[in-house]
$ cat model-v7.tsv   # TSV, C-alpha atoms and all ligand atoms
chain	number	residue	atom	x	y	z
Z	298	MET	CA	-45.53	-85.15	-240.45
Z	299	MET	CA	-44.75	-88.10	-238.18
Z	300	ALA	CA	-47.66	-90.40	-237.78
Z	301	GLY	CA	-48.70	-90.82	-234.16
Z	302	GLU	CA	-50.19	-93.65	-232.19
Z	303	PRO	CA	-53.29	-95.45	-233.50
Z	304	ILE	CA	-56.46	-93.68	-232.37
Z	305	LEU	CA	-59.15	-95.48	-234.31
Z	306	GLN	CA	-59.07	-98.97	-235.77
Z	307	LEU	CA	-61.68	-100.93	-237.65
Z	308	LYS	CA	-61.06	-104.66	-237.62
Z	309	GLY	CA	-63.01	-106.92	-239.91
Z	310	VAL	CA	-66.06	-104.70	-239.68
Z	311	GLU	CA	-69.27	-105.92	-241.31
Z	312	ARG	CA	-72.52	-104.04	-241.76
Z	313	HIS	CA	-75.56	-105.51	-243.43
Z	314	TYR	CA	-78.96	-103.98	-243.99
Z	315	ILE	CA	-82.13	-105.82	-244.81
Z	316	GLN	CA	-84.10	-104.00	-247.50
Z	317	GLY	CA	-87.32	-105.89	-248.16
Z	318	PRO	CA	-86.37	-109.36	-249.38
Z	319	ARG	CA	-82.75	-108.33	-249.98
Z	320	LYS	CA	-79.73	-108.35	-247.69
Z	321	LEU	CA	-77.37	-105.50	-248.54
Z	322	THR	CA	-73.75	-105.90	-247.51
Z	323	ILE	CA	-72.30	-102.42	-247.05
Z	324	LEU	CA	-69.14	-103.17	-245.05
Z	325	ASN	CA	-67.56	-106.54	-245.66
Z	326	GLY	CA	-64.50	-107.06	-243.51
Z	327	ALA	CA	-63.41	-103.41	-243.50
Z	328	GLU	CA	-59.96	-102.71	-242.04
Z	329	PHE	CA	-58.82	-99.20	-241.27
Z	330	MET	CA	-56.43	-97.35	-238.97
Z	331	LEU	CA	-56.31	-93.66	-238.14
Z	332	ARG	CA	-53.37	-92.23	-236.20
Z	333	ARG	CA	-53.08	-89.18	-233.98
Z	334	GLY	CA	-52.56	-85.97	-235.95
Z	335	GLU	CA	-53.67	-87.60	-239.17
Z	336	MET	CA	-56.31	-86.34	-241.61
Z	337	VAL	CA	-57.73	-88.91	-243.99
Z	338	ALA	CA	-60.17	-88.24	-246.83
Z	339	LEU	CA	-62.92	-90.76	-247.56
Z	340	ILE	CA	-64.00	-90.42	-251.17
Z	341	ALA	CA	-66.61	-92.72	-252.66
Z	342	PRO	CA	-69.75	-92.40	-254.74
Z	343	SER	CA	-73.12	-91.87	-253.13
Z	344	GLY	CA	-74.49	-95.10	-251.69
Z	345	ALA	CA	-71.05	-96.72	-251.34
Z	346	GLY	CA	-71.32	-96.72	-247.56
Z	347	LYS	CA	-69.47	-93.61	-246.37
Z	348	SER	CA	-72.11	-92.67	-243.80
Z	349	THR	CA	-72.33	-96.28	-242.65
Z	350	LEU	CA	-68.55	-96.35	-242.14
Z	351	LEU	CA	-68.55	-93.04	-240.25
Z	352	HIS	CA	-71.52	-94.04	-238.09
Z	353	THR	CA	-69.95	-97.39	-237.26
Z	354	ALA	CA	-66.57	-95.80	-236.50
Z	355	GLY	CA	-68.37	-93.20	-234.38
Z	356	LEU	CA	-70.28	-95.83	-232.37
Z	357	LEU	CA	-73.66	-94.65	-233.64
Z	358	GLU	CA	-74.15	-98.05	-235.27
Z	359	LYS	CA	-72.90	-101.40	-234.04
Z	360	PRO	CA	-70.85	-103.59	-236.36
Z	361	ASP	CA	-72.55	-106.88	-237.24
Z	362	ALA	CA	-69.13	-108.49	-237.00
Z	363	GLY	CA	-65.62	-107.27	-236.28
Z	364	ASP	CA	-64.72	-104.47	-233.89
Z	365	VAL	CA	-64.08	-100.75	-233.56
Z	366	ILE	CA	-61.09	-99.91	-231.35
Z	367	LEU	CA	-61.00	-96.37	-230.05
Z	368	GLY	CA	-58.02	-95.18	-228.03
Z	369	GLY	CA	-57.05	-98.82	-227.47
Z	370	ARG	CA	-60.50	-99.86	-226.22
Z	371	ALA	CA	-62.66	-102.39	-228.08
Z	372	CYS	CA	-66.05	-100.70	-228.45
Z	373	GLY	CA	-68.03	-102.88	-230.83
Z	374	ARG	CA	-69.83	-104.83	-228.17
Z	375	LEU	CA	-70.27	-102.29	-225.40
Z	376	SER	CA	-73.72	-101.43	-224.06
Z	377	ASP	CA	-75.61	-98.47	-225.49
Z	378	ASP	CA	-74.89	-96.43	-222.35
Z	379	GLU	CA	-71.18	-97.08	-222.55
Z	380	ARG	CA	-71.15	-96.20	-226.24
Z	381	THR	CA	-73.04	-92.98	-225.57
Z	382	ALA	CA	-70.51	-91.98	-222.92
Z	383	ILE	CA	-67.59	-92.65	-225.26
Z	384	ARG	CA	-69.30	-90.69	-228.07
Z	385	ARG	CA	-69.81	-87.75	-225.77
Z	386	ASN	CA	-66.19	-87.62	-224.63
Z	387	ASP	CA	-64.04	-89.05	-227.38
Z	388	ILE	CA	-65.80	-88.54	-230.69
Z	389	GLY	CA	-66.69	-85.33	-232.51
Z	390	PHE	CA	-69.10	-85.32	-235.46
Z	391	VAL	CA	-69.51	-82.71	-238.16
Z	392	TYR	CA	-72.20	-83.06	-240.81
Z	393	GLN	CA	-72.93	-81.32	-244.09
Z	394	PHE	CA	-75.62	-79.28	-242.37
Z	395	HIS	CA	-74.58	-77.70	-239.13
Z	396	HIS	CA	-77.45	-78.87	-236.83
Z	397	LEU	CA	-76.75	-75.99	-234.45
Z	398	LEU	CA	-79.55	-75.19	-232.03
Z	399	PRO	CA	-81.25	-72.14	-233.57
Z	400	GLU	CA	-82.40	-70.48	-230.35
Z	401	PHE	CA	-78.92	-70.41	-228.83
Z	402	SER	CA	-75.89	-68.26	-229.65
Z	403	ALA	CA	-72.72	-69.67	-231.19
Z	404	ILE	CA	-71.01	-69.58	-227.79
Z	405	GLU	CA	-73.93	-71.37	-226.14
Z	406	ASN	CA	-73.98	-74.04	-228.84
Z	407	ILE	CA	-70.31	-74.77	-228.16
Z	408	MET	CA	-70.87	-74.74	-224.39
Z	409	MET	CA	-73.69	-77.28	-224.60
Z	410	PRO	CA	-71.72	-80.55	-224.98
Z	411	GLN	CA	-69.34	-79.40	-222.25
Z	412	LEU	CA	-72.23	-78.72	-219.85
Z	413	VAL	CA	-73.71	-82.13	-220.66
Z	414	ARG	CA	-70.36	-83.58	-219.70
Z	415	GLY	CA	-70.48	-81.77	-216.38
Z	416	LEU	CA	-68.13	-78.83	-216.85
Z	417	ALA	CA	-68.84	-75.60	-214.94
Z	418	PRO	CA	-70.46	-72.92	-217.17
Z	419	VAL	CA	-67.59	-70.50	-216.65
Z	420	GLU	CA	-65.07	-73.05	-217.88
Z	421	ALA	CA	-67.28	-74.15	-220.77
Z	422	LYS	CA	-67.69	-70.53	-221.85
Z	423	ALA	CA	-63.97	-69.84	-221.73
Z	424	ARG	CA	-63.25	-72.91	-223.84
Z	425	ALA	CA	-66.02	-71.96	-226.31
Z	426	ALA	CA	-64.60	-68.45	-226.71
Z	427	GLN	CA	-61.12	-69.86	-227.23
Z	428	LEU	CA	-62.35	-72.27	-229.90
Z	429	LEU	CA	-64.23	-69.49	-231.70
Z	430	ASP	CA	-61.04	-67.42	-231.70
Z	431	TYR	CA	-59.19	-70.38	-233.01
Z	432	MET	CA	-61.71	-70.78	-235.81
Z	433	GLN	CA	-61.24	-67.04	-236.49
Z	434	ILE	CA	-64.80	-66.04	-235.68
Z	435	GLY	CA	-64.19	-64.79	-232.13
Z	436	LYS	CA	-66.35	-61.74	-232.70
Z	437	ARG	CA	-69.40	-63.71	-233.82
Z	438	GLY	CA	-69.94	-65.65	-230.60
Z	439	HIS	CA	-73.10	-63.89	-229.49
Z	440	HIS	CA	-74.93	-64.34	-232.76
Z	441	ARG	CA	-77.48	-67.05	-233.34
Z	442	PRO	CA	-76.88	-69.48	-236.21
Z	443	ALA	CA	-79.39	-67.72	-238.51
Z	444	GLU	CA	-77.32	-64.53	-238.23
Z	445	LEU	CA	-74.15	-66.28	-239.38
Z	446	SER	CA	-72.97	-67.11	-242.90
Z	447	GLY	CA	-72.81	-70.75	-244.04
Z	448	GLY	CA	-69.04	-70.80	-243.53
Z	449	GLU	CA	-69.36	-69.30	-240.06
Z	450	GLN	CA	-72.05	-71.82	-239.13
Z	451	GLN	CA	-69.77	-74.69	-240.12
Z	452	ARG	CA	-66.90	-73.20	-238.10
Z	453	VAL	CA	-69.19	-73.14	-235.08
Z	454	ALA	CA	-70.25	-76.73	-235.78
Z	455	ILE	CA	-66.59	-77.78	-235.91
Z	456	ALA	CA	-65.84	-75.90	-232.68
Z	457	ARG	CA	-68.80	-77.65	-231.03
Z	458	ALA	CA	-67.61	-81.04	-232.29
Z	459	VAL	CA	-64.21	-80.59	-230.64
Z	460	ALA	CA	-65.45	-78.80	-227.51
Z	461	ASN	CA	-64.86	-81.86	-225.32
Z	462	ALA	CA	-61.40	-82.46	-226.82
Z	463	PRO	CA	-62.33	-85.75	-228.51
Z	464	LEU	CA	-59.79	-88.28	-229.74
Z	465	VAL	CA	-61.29	-88.43	-233.19
Z	466	LEU	CA	-63.25	-86.14	-235.49
Z	467	LEU	CA	-65.57	-87.76	-238.00
Z	468	ALA	CA	-66.97	-85.50	-240.69
Z	469	ASP	CA	-69.55	-86.28	-243.35
Z	470	GLU	CA	-69.22	-83.75	-246.20
Z	471	PRO	CA	-68.39	-80.90	-243.80
Z	472	THR	CA	-67.93	-78.38	-246.62
Z	473	GLY	CA	-70.41	-79.93	-249.04
Z	474	ASN	CA	-72.88	-77.12	-248.63
Z	475	LEU	CA	-70.36	-74.27	-249.11
Z	476	ASP	CA	-69.03	-72.45	-252.16
Z	477	PRO	CA	-65.48	-73.52	-253.11
Z	478	VAL	CA	-63.72	-70.47	-251.66
Z	479	THR	CA	-65.56	-70.67	-248.34
Z	480	ALA	CA	-65.03	-74.44	-248.30
Z	481	GLY	CA	-61.28	-73.83	-248.63
Z	482	TYR	CA	-61.23	-71.41	-245.67
Z	483	VAL	CA	-63.30	-73.69	-243.45
Z	484	PHE	CA	-61.03	-76.59	-244.38
Z	485	ASP	CA	-57.94	-74.50	-243.50
Z	486	ALA	CA	-59.36	-73.80	-240.06
Z	487	LEU	CA	-60.31	-77.45	-239.55
Z	488	SER	CA	-56.93	-78.67	-240.64
Z	489	ALA	CA	-55.07	-76.20	-238.38
Z	490	LEU	CA	-57.17	-77.46	-235.50
Z	491	VAL	CA	-56.39	-81.12	-236.21
Z	492	ARG	CA	-52.66	-80.43	-236.55
Z	493	GLN	CA	-52.48	-78.27	-233.48
Z	494	SER	CA	-54.54	-80.47	-231.17
Z	495	GLY	CA	-53.21	-83.86	-232.21
Z	496	LEU	CA	-56.74	-84.93	-233.05
Z	497	ALA	CA	-57.28	-87.53	-235.78
Z	498	ALA	CA	-59.84	-86.88	-238.50
Z	499	LEU	CA	-61.68	-88.98	-241.06
Z	500	ILE	CA	-63.47	-86.72	-243.49
Z	501	ALA	CA	-65.88	-87.86	-246.19
Z	502	THR	CA	-65.78	-85.43	-249.08
Z	503	HIS	CA	-66.54	-85.13	-252.77
Z	504	ASN	CA	-64.08	-82.24	-253.00
Z	505	HIS	CA	-60.93	-83.63	-254.65
Z	506	GLU	CA	-58.99	-80.42	-254.11
Z	507	LEU	CA	-59.47	-80.64	-250.33
Z	508	ALA	CA	-58.92	-84.40	-250.35
Z	509	GLY	CA	-55.58	-83.73	-252.03
Z	510	ARG	CA	-54.52	-81.62	-249.07
Z	511	MET	CA	-55.09	-84.41	-246.52
Z	512	ASP	CA	-52.47	-86.97	-245.50
Z	513	ARG	CA	-54.11	-89.92	-247.27
Z	514	ARG	CA	-57.15	-90.77	-249.30
Z	515	VAL	CA	-59.23	-93.92	-249.06
Z	516	THR	CA	-62.32	-95.21	-250.80
Z	517	LEU	CA	-64.78	-98.06	-250.32
Z	518	SER	CA	-64.65	-100.99	-252.67
Z	519	GLU	CA	-66.82	-104.06	-252.19
Z	520	GLY	CA	-67.31	-103.19	-248.56
Z	521	ARG	CA	-63.63	-102.68	-247.79
Z	522	VAL	CA	-61.56	-99.57	-247.15
Z	523	VAL	CA	-58.85	-99.27	-249.80
Z	524	PRO	CA	-56.22	-96.59	-250.43
Z	525	ILE	CA	-56.53	-94.38	-253.49
H	601	LIG	P1	-73.08	-93.02	-248.61
H	601	LIG	O1	-72.91	-92.27	-247.32
H	601	LIG	O2	-71.78	-93.42	-249.25
H	601	LIG	O3	-73.98	-92.32	-249.59
H	601	LIG	P2	-74.63	-94.88	-246.98
H	601	LIG	O4	-73.73	-95.43	-245.98
H	601	LIG	O5	-75.57	-93.78	-246.56
H	601	LIG	O6	-73.79	-94.42	-248.28
H	601	LIG	O7	-75.54	-96.04	-247.58
H	601	LIG	C1	-75.00	-97.21	-248.20
H	601	LIG	C2	-76.12	-98.12	-248.62
H	601	LIG	O8	-76.78	-98.66	-247.49
H	601	LIG	C3	-77.20	-97.45	-249.45
H	601	LIG	O9	-77.57	-98.35	-250.46
H	601	LIG	C4	-78.32	-97.25	-248.47
H	601	LIG	O10	-79.57	-97.29	-249.13
H	601	LIG	C5	-78.16	-98.40	-247.53
H	601	LIG	N1	-78.59	-98.06	-246.16
H	601	LIG	C6	-78.02	-97.15	-245.35
H	601	LIG	N2	-78.62	-97.11	-244.16
H	601	LIG	C7	-79.60	-98.04	-244.20
H	601	LIG	C8	-80.58	-98.50	-243.26
H	601	LIG	N3	-80.66	-97.99	-242.03
H	601	LIG	N4	-81.43	-99.47	-243.67
H	601	LIG	C9	-81.35	-100.01	-244.90
H	601	LIG	N5	-80.44	-99.62	-245.82
H	601	LIG	C10	-79.57	-98.67	-245.49

$ encode --input "model-v7.tsv" --output "structure tokens"
Amino acid sequence: MMAGEPILQLKGVERHYIQGPRKLTILNGAEFMLRRGEMVALIAPSGAGKSTLLHTAGLLEKPDAGDVILGGRACGRLSDDERTAIRRNDIGFVYQFHHLLPEFSAIENIMMPQLVRGLAPVEAKARAAQLLDYMQIGKRGHHRPAELSGGEQQRVAIARAVANAPLVLLADEPTGNLDPVTAGYVFDALSALVRQSGLAALIATHNHELAGRMDRRVTLSEGRVVPI
């Protein structure tokens, strides 16, 4: 497909952690660009810095140097409040474990971020139902997470992540907890969503089969993002 406009850019991003007497350099001048409609796999061994990269790109962590440009806006040095607002509106996260609220139904879980943003409940509910349909679990909306299968829970988590129509979806092992067949179906639904909505997605995965179905694959080497 045609690559769209740049949605997310990392420019010279550095991240260091202090562990006891040692200074760990996890990102060391990382450069990366993600375009609209694009799905990119991030494949690297445990401890290489995948979560650090996703959290920095998703404005959960601040870069020690360099910048994160989201939708054309430099975000690295914004205040915590500004970063929170951008996260709420423009960034969707999906994790290996769904983190759905157990006492609420699937529909209510997907409504939640929209209500936080200030949408009317009736609109939030309509959008939630539409997203569930899109994820092909329209009939499961009134069930609580514990009543859903692992694959269904992840579909709900994906629907929740995109409920506010973010610019970018960041996923950390989104199918890592699923059997291969279920992982394939959840990935199909996720990828249809990205293609159809013009979202851009960076997805950390250990699953080479799924990585092979994305547009590009990158890894981390000495704190930099490099193509595979
Ligand atoms: P991955 O997601 O690829 O497994 P991470 O980004 O979680 O890698 O971690 C990369 C390295 O940074 C690891 O060595 C980890 O121990 C270290 N690390 C991550 N977060 C912190 C932190 N908050 N404080 C200190 N060290 C950290």

$ residues_near_ligand --input "model-v7.tsv" --ligand "ligand LIG 601 (chain H)" --cutoff "7 Å" --atoms "only C-alpha atoms and all ligand atoms" --output "PDB file with C-alpha atoms, in the frame of the given file"
ATOM      1  CA  TYR Z 314     -78.960-103.980-243.990  1.00  0.00           C
ATOM      2  CA  ILE Z 315     -82.130-105.820-244.810  1.00  0.00           C
ATOM      3  CA  GLN Z 316     -84.100-104.000-247.500  1.00  0.00           C
ATOM      4  CA  LEU Z 321     -77.370-105.500-248.540  1.00  0.00           C
ATOM      5  CA  ILE Z 323     -72.300-102.420-247.050  1.00  0.00           C
ATOM      6  CA  ALA Z 341     -66.610 -92.720-252.660  1.00  0.00           C
ATOM      7  CA  PRO Z 342     -69.750 -92.400-254.740  1.00  0.00           C
ATOM      8  CA  SER Z 343     -73.120 -91.870-253.130  1.00  0.00           C
ATOM      9  CA  GLY Z 344     -74.490 -95.100-251.690  1.00  0.00           C
ATOM     10  CA  ALA Z 345     -71.050 -96.720-251.340  1.00  0.00           C
ATOM     11  CA  GLY Z 346     -71.320 -96.720-247.560  1.00  0.00           C
ATOM     12  CA  LYS Z 347     -69.470 -93.610-246.370  1.00  0.00           C
ATOM     13  CA  SER Z 348     -72.110 -92.670-243.800  1.00  0.00           C
ATOM     14  CA  THR Z 349     -72.330 -96.280-242.650  1.00  0.00           C
ATOM     15  CA  LEU Z 350     -68.550 -96.350-242.140  1.00  0.00           C
TER      16      LEU Z 350
END

$ residues_near_point --input "model-v7.tsv" --point "(-77.1, -64.0, -230.2)" --cutoff "7 Å" --atoms "only C-alpha atoms" --output "list in words"
Phe401, Ser402, His439, His440 and Arg441 of chain Z

$ closest_atom_pairs --input "model-v7.tsv" --of "range 398-434 of chain Z" --to "range 491-515 of chain Z" --cutoff "12 Å" --atoms "all atoms listed in the file" --output "CSV"
residue,atom,partner,partner_atom,distance
Z:Leu428,CA,Z:Ser494,CA,11.4
Z:Tyr431,CA,Z:Gln493,CA,10.4
Z:Met432,CA,Z:Val491,CA,11.6

$ atom_distance --input "model-v7.tsv" --atom1 "CA of Ala489 in chain Z" --atom2 "CA of His395 in chain Z"
19.6 Å

$ closest_residue --input "model-v7.tsv" --among "Z:Gly373, Z:Glu420, Z:Pro442, Z:Ala425" --to "Pro399 in chain Z" --atoms "only C-alpha atoms"
Z:Pro442

$ closest_residue --input "model-v7.tsv" --among "Z:Leu416, Z:Met336, Z:Leu307, Z:Val365" --to "Leu487 in chain Z" --atoms "all atoms listed in the file"
Z:Met336

$ decode --input "model-v7.tsv" --residues "range 421-440 of chain Z" --atoms "N, CA and C atoms" --output "PDB file, in the first residue's frame"
ATOM      1  N   ALA Z 421     -20.835   7.365  23.071  1.00  0.00           N
ATOM      2  CA  ALA Z 421     -19.756   6.447  23.444  1.00  0.00           C
ATOM      3  C   ALA Z 421     -20.222   5.003  23.277  1.00  0.00           C
ATOM      4  N   LYS Z 422     -21.486   4.753  23.637  1.00  0.00           N
ATOM      5  CA  LYS Z 422     -22.018   3.399  23.556  1.00  0.00           C
ATOM      6  C   LYS Z 422     -22.163   2.959  22.092  1.00  0.00           C
ATOM      7  N   ALA Z 423     -22.621   3.870  21.264  1.00  0.00           N
ATOM      8  CA  ALA Z 423     -22.779   3.549  19.843  1.00  0.00           C
ATOM      9  C   ALA Z 423     -21.424   3.219  19.220  1.00  0.00           C
ATOM     10  N   ARG Z 424     -20.429   4.013  19.553  1.00  0.00           N
ATOM     11  CA  ARG Z 424     -19.081   3.772  19.018  1.00  0.00           C
ATOM     12  C   ARG Z 424     -18.528   2.439  19.555  1.00  0.00           C
ATOM     13  N   ALA Z 425     -18.764   2.151  20.827  1.00  0.00           N
ATOM     14  CA  ALA Z 425     -18.292   0.900  21.420  1.00  0.00           C
ATOM     15  C   ALA Z 425     -18.929  -0.294  20.707  1.00  0.00           C
ATOM     16  N   ALA Z 426     -20.222  -0.200  20.457  1.00  0.00           N
ATOM     17  CA  ALA Z 426     -20.929  -1.315  19.799  1.00  0.00           C
ATOM     18  C   ALA Z 426     -20.395  -1.515  18.388  1.00  0.00           C
ATOM     19  N   GLN Z 427     -20.135  -0.404  17.715  1.00  0.00           N
ATOM     20  CA  GLN Z 427     -19.610  -0.459  16.350  1.00  0.00           C
ATOM     21  C   GLN Z 427     -18.214  -1.121  16.333  1.00  0.00           C
ATOM     22  N   LEU Z 428     -17.394  -0.749  17.301  1.00  0.00           N
ATOM     23  CA  LEU Z 428     -16.041  -1.325  17.363  1.00  0.00           C
ATOM     24  C   LEU Z 428     -16.095  -2.815  17.684  1.00  0.00           C
ATOM     25  N   LEU Z 429     -17.009  -3.204  18.557  1.00  0.00           N
ATOM     26  CA  LEU Z 429     -17.152  -4.635  18.869  1.00  0.00           C
ATOM     27  C   LEU Z 429     -17.584  -5.409  17.627  1.00  0.00           C
ATOM     28  N   ASP Z 430     -18.506  -4.829  16.875  1.00  0.00           N
ATOM     29  CA  ASP Z 430     -18.929  -5.457  15.617  1.00  0.00           C
ATOM     30  C   ASP Z 430     -17.732  -5.600  14.696  1.00  0.00           C
ATOM     31  N   TYR Z 431     -16.986  -4.521  14.632  1.00  0.00           N
ATOM     32  CA  TYR Z 431     -15.827  -4.518  13.755  1.00  0.00           C
ATOM     33  C   TYR Z 431     -14.827  -5.594  14.155  1.00  0.00           C
ATOM     34  N   MET Z 432     -14.680  -5.798  15.437  1.00  0.00           N
ATOM     35  CA  MET Z 432     -13.768  -6.829  15.940  1.00  0.00           C
ATOM     36  C   MET Z 432     -14.438  -8.214  15.937  1.00  0.00           C
ATOM     37  N   GLN Z 433     -15.640  -8.262  15.381  1.00  0.00           N
ATOM     38  CA  GLN Z 433     -16.393  -9.520  15.214  1.00  0.00           C
ATOM     39  C   GLN Z 433     -16.752 -10.190  16.528  1.00  0.00           C
ATOM     40  N   ILE Z 434     -17.025  -9.369  17.542  1.00  0.00           N
ATOM     41  CA  ILE Z 434     -17.553  -9.915  18.797  1.00  0.00           C
ATOM     42  C   ILE Z 434     -18.736  -9.060  19.266  1.00  0.00           C
ATOM     43  N   GLY Z 435     -19.535  -8.618  18.277  1.00  0.00           N
ATOM     44  CA  GLY Z 435     -20.680  -7.751  18.565  1.00  0.00           C
ATOM     45  C   GLY Z 435     -21.646  -8.342  19.577  1.00  0.00           C
ATOM     46  N   LYS Z 436     -21.744  -9.639  19.605  1.00  0.00           N
ATOM     47  CA  LYS Z 436     -22.732 -10.277  20.490  1.00  0.00           C
ATOM     48  C   LYS Z 436     -22.221 -10.433  21.917  1.00  0.00           C
ATOM     49  N   ARG Z 437     -20.968 -10.126  22.155  1.00  0.00           N
ATOM     50  CA  ARG Z 437     -20.376 -10.383  23.472  1.00  0.00           C
ATOM     51  C   ARG Z 437     -20.277  -9.129  24.344  1.00  0.00           C
ATOM     52  N   GLY Z 438     -20.879  -8.044  23.857  1.00  0.00           N
ATOM     53  CA  GLY Z 438     -20.694  -6.742  24.492  1.00  0.00           C
ATOM     54  C   GLY Z 438     -21.145  -6.641  25.930  1.00  0.00           C
ATOM     55  N   HIS Z 439     -22.125  -7.436  26.312  1.00  0.00           N
ATOM     56  CA  HIS Z 439     -22.667  -7.297  27.670  1.00  0.00           C
ATOM     57  C   HIS Z 439     -21.986  -8.222  28.665  1.00  0.00           C
ATOM     58  N   HIS Z 440     -21.027  -8.978  28.199  1.00  0.00           N
ATOM     59  CA  HIS Z 440     -20.301  -9.868  29.109  1.00  0.00           C
ATOM     60  C   HIS Z 440     -19.150  -9.132  29.784  1.00  0.00           C
TER      61      HIS Z 440
END
